[in-house]
Amino acid sequence: MIYSIVYDAVRRKAATTPPNDLIANTEMAAAIGMICKELHREIDFSKITEPAEIKEQFLIMMKEVNNTELSEEAAILLEKVKKYKVKGMVNETLQDLETLTGAVI
């Protein structure tokens, strides 16, 4: 799948010491997807119209989760997502971001 390169980049950034905080919307969506897959949860895209809403819905969902349930990688990714300031879409579409949150390989 074409998106696998994004997941690989996110995994590598989480594995650096210190973790690399330079991420984009696509990497944010991939990180959210990786965490959701680990927790067996999904983001509801029915009312999402912009990338910032993906992050908002995800953070609301994460309030219900005990962080001790997360792997070390997922905990790092969660911190990256929390720090990330969502940008306007440039080279991606909302469909791309939705696919990245649900197509984790």
# chains A, B, ... in the order shown; residues from 1 in each chain; ligands from 1

$ residues_around --residues "Asp44 (chain A)" --least-positions-apart "6" --cutoff "12 Å" --atoms "only C-alpha atoms" --output "JSON, numbers by chain"
{"A": [33, 36, 53, 54, 55, 56, 57, 58, 60, 61, 98, 101, 102]}

$ residues_around --residues "Ala30 (chain A)" --least-positions-apart "2" --cutoff "6 Å" --atoms "only C-alpha atoms" --output "number ranges by chain"
A: 7, 27-28, 32-33, 100-101

$ write_last_selection --atoms "all heavy atoms" --output "PDB file, in the first residue's frame"
ATOM      1  N   TYR A   7       3.617   5.418   7.471  1.00  0.00           N
ATOM      2  CA  TYR A   7       3.689   4.703   8.748  1.00  0.00           C
ATOM      3  C   TYR A   7       5.136   4.421   9.135  1.00  0.00           C
ATOM      4  O   TYR A   7       5.510   4.557  10.298  1.00  0.00           O
ATOM      5  CB  TYR A   7       2.899   3.399   8.697  1.00  0.00           C
ATOM      6  CG  TYR A   7       1.436   3.592   8.432  1.00  0.00           C
ATOM      7  CD1 TYR A   7       0.848   3.139   7.259  1.00  0.00           C
ATOM      8  CD2 TYR A   7       0.616   4.252   9.345  1.00  0.00           C
ATOM      9  CE1 TYR A   7      -0.505   3.313   7.008  1.00  0.00           C
ATOM     10  CE2 TYR A   7      -0.736   4.445   9.104  1.00  0.00           C
ATOM     11  CZ  TYR A   7      -1.280   3.964   7.931  1.00  0.00           C
ATOM     12  OH  TYR A   7      -2.616   4.153   7.687  1.00  0.00           O
ATOM     13  N   GLU A  27       1.369  12.589   8.725  1.00  0.00           N
ATOM     14  CA  GLU A  27       2.008  11.832   9.805  1.00  0.00           C
ATOM     15  C   GLU A  27       1.163  11.889  11.078  1.00  0.00           C
ATOM     16  O   GLU A  27       1.107  10.906  11.819  1.00  0.00           O
ATOM     17  CB  GLU A  27       3.421  12.344  10.047  1.00  0.00           C
ATOM     18  CG  GLU A  27       4.335  12.048   8.872  1.00  0.00           C
ATOM     19  CD  GLU A  27       5.646  12.793   8.936  1.00  0.00           C
ATOM     20  OE1 GLU A  27       5.631  13.999   9.250  1.00  0.00           O
ATOM     21  OE2 GLU A  27       6.677  12.161   8.675  1.00  0.00           O
ATOM     22  N   MET A  28       0.488  12.999  11.316  1.00  0.00           N
ATOM     23  CA  MET A  28      -0.421  13.080  12.453  1.00  0.00           C
ATOM     24  C   MET A  28      -1.532  12.046  12.289  1.00  0.00           C
ATOM     25  O   MET A  28      -1.835  11.298  13.214  1.00  0.00           O
ATOM     26  CB  MET A  28      -1.038  14.477  12.560  1.00  0.00           C
ATOM     27  CG  MET A  28      -2.093  14.581  13.659  1.00  0.00           C
ATOM     28  SD  MET A  28      -3.212  16.008  13.518  1.00  0.00           S
ATOM     29  CE  MET A  28      -4.165  15.608  12.063  1.00  0.00           C
ATOM     30  N   ILE A  32      -2.264   8.819  14.662  1.00  0.00           N
ATOM     31  CA  ILE A  32      -3.584   8.604  15.261  1.00  0.00           C
ATOM     32  C   ILE A  32      -4.100   7.219  14.878  1.00  0.00           C
ATOM     33  O   ILE A  32      -4.620   6.481  15.720  1.00  0.00           O
ATOM     34  CB  ILE A  32      -4.562   9.718  14.840  1.00  0.00           C
ATOM     35  CG1 ILE A  32      -4.181  11.022  15.534  1.00  0.00           C
ATOM     36  CG2 ILE A  32      -6.010   9.323  15.130  1.00  0.00           C
ATOM     37  CD1 ILE A  32      -4.942  12.252  15.043  1.00  0.00           C
ATOM     38  N   GLY A  33      -3.947   6.860  13.622  1.00  0.00           N
ATOM     39  CA  GLY A  33      -4.384   5.539  13.164  1.00  0.00           C
ATOM     40  C   GLY A  33      -3.658   4.411  13.868  1.00  0.00           C
ATOM     41  O   GLY A  33      -4.258   3.400  14.243  1.00  0.00           O
ATOM     42  N   LEU A 100      -5.466   7.200   6.148  1.00  0.00           N
ATOM     43  CA  LEU A 100      -4.311   6.980   7.017  1.00  0.00           C
ATOM     44  C   LEU A 100      -4.710   6.606   8.441  1.00  0.00           C
ATOM     45  O   LEU A 100      -3.997   5.868   9.107  1.00  0.00           O
ATOM     46  CB  LEU A 100      -3.413   8.221   7.045  1.00  0.00           C
ATOM     47  CG  LEU A 100      -2.502   8.368   5.829  1.00  0.00           C
ATOM     48  CD1 LEU A 100      -1.967   9.786   5.750  1.00  0.00           C
ATOM     49  CD2 LEU A 100      -1.380   7.363   5.872  1.00  0.00           C
ATOM     50  N   THR A 101      -5.832   7.105   8.912  1.00  0.00           N
ATOM     51  CA  THR A 101      -6.243   6.757  10.283  1.00  0.00           C
ATOM     52  C   THR A 101      -6.827   5.364  10.368  1.00  0.00           C
ATOM     53  O   THR A 101      -6.871   4.784  11.440  1.00  0.00           O
ATOM     54  CB  THR A 101      -7.263   7.756  10.877  1.00  0.00           C
ATOM     55  OG1 THR A 101      -8.445   7.723  10.118  1.00  0.00           O
ATOM     56  CG2 THR A 101      -6.696   9.155  10.940  1.00  0.00           C
TER      57      THR A 101
END

$ closest_atom_pairs --of "region 30-69 of chain A" --to "region 82-88 of chain A" --cutoff "9 Å" --atoms "only C-alpha atoms" --output "Markdown table"
| residue | atom | partner | partner_atom | distance |
| --- | --- | --- | --- | --- |
| A:Glu50 | CA | A:Gly88 | CA | 8.1 |
| A:Pro51 | CA | A:Val86 | CA | 6.8 |
| A:Ala52 | CA | A:Val86 | CA | 5.6 |
| A:Lys55 | CA | A:Val86 | CA | 8.0 |
| A:Leu59 | CA | A:Lys82 | CA | 7.8 |

$ select_by_dssp --residues "chain A" --states "helix (DSSP H, G or I)" --output "number ranges by chain"
A: 4-15, 25-39, 51-62, 67-69, 72-83, 94-102

$ closest_residue --among "A:Ala31, A:Ser46, A:Gln95, A:Glu38" --to "Ser71 (chain A)" --atoms "only C-alpha atoms"
A:Glu38

$ residues_around --residues "region 15-22 of chain A" --least-positions-apart "4" --cutoff "10 Å" --atoms "only C-alpha atoms" --output "list in words"
Ala9, Val10, Arg11, Glu27, Glu72, Glu73, Ile76, Leu77, Glu79, Lys80, Val81, Lys83 and Tyr84 of chain A

$ residues_around --residues "Leu70 (chain A)" --least-positions-apart "3" --cutoff "8 Å" --atoms "only C-alpha atoms" --output "list of chain:residue names"
A:Ile35, A:Glu38, A:Leu39, A:Asn66, A:Asn67, A:Glu73, A:Ala74, A:Ala75

$ write_last_selection --atoms "N, CA and C atoms" --output "CSV table (one decimal), in the first residue's frame"
chain,number,residue,atom,x,y,z
A,35,ILE,N,-2.3,4.5,16.9
A,35,ILE,CA,-2.8,4.4,18.3
A,35,ILE,C,-4.2,3.8,18.3
A,38,GLU,N,-4.0,0.1,17.9
A,38,GLU,CA,-3.5,-0.6,19.1
A,38,GLU,C,-4.6,-0.7,20.1
A,39,LEU,N,-5.5,0.3,20.2
A,39,LEU,CA,-6.6,0.4,21.2
A,39,LEU,C,-7.9,-0.2,20.7
A,66,ASN,N,-6.8,5.0,29.6
A,66,ASN,CA,-5.7,5.0,30.6
A,66,ASN,C,-4.4,4.9,29.8
A,67,ASN,N,-3.5,5.8,29.9
A,67,ASN,CA,-2.3,5.9,29.2
A,67,ASN,C,-1.4,4.7,29.4
A,73,GLU,N,5.8,3.1,22.1
A,73,GLU,CA,5.7,3.8,20.8
A,73,GLU,C,4.4,4.6,20.7
A,74,ALA,N,3.3,4.0,21.1
A,74,ALA,CA,2.0,4.8,21.1
A,74,ALA,C,2.0,6.0,22.0
A,75,ALA,N,2.7,5.8,23.2
A,75,ALA,CA,2.8,6.9,24.1
A,75,ALA,C,3.6,8.1,23.5
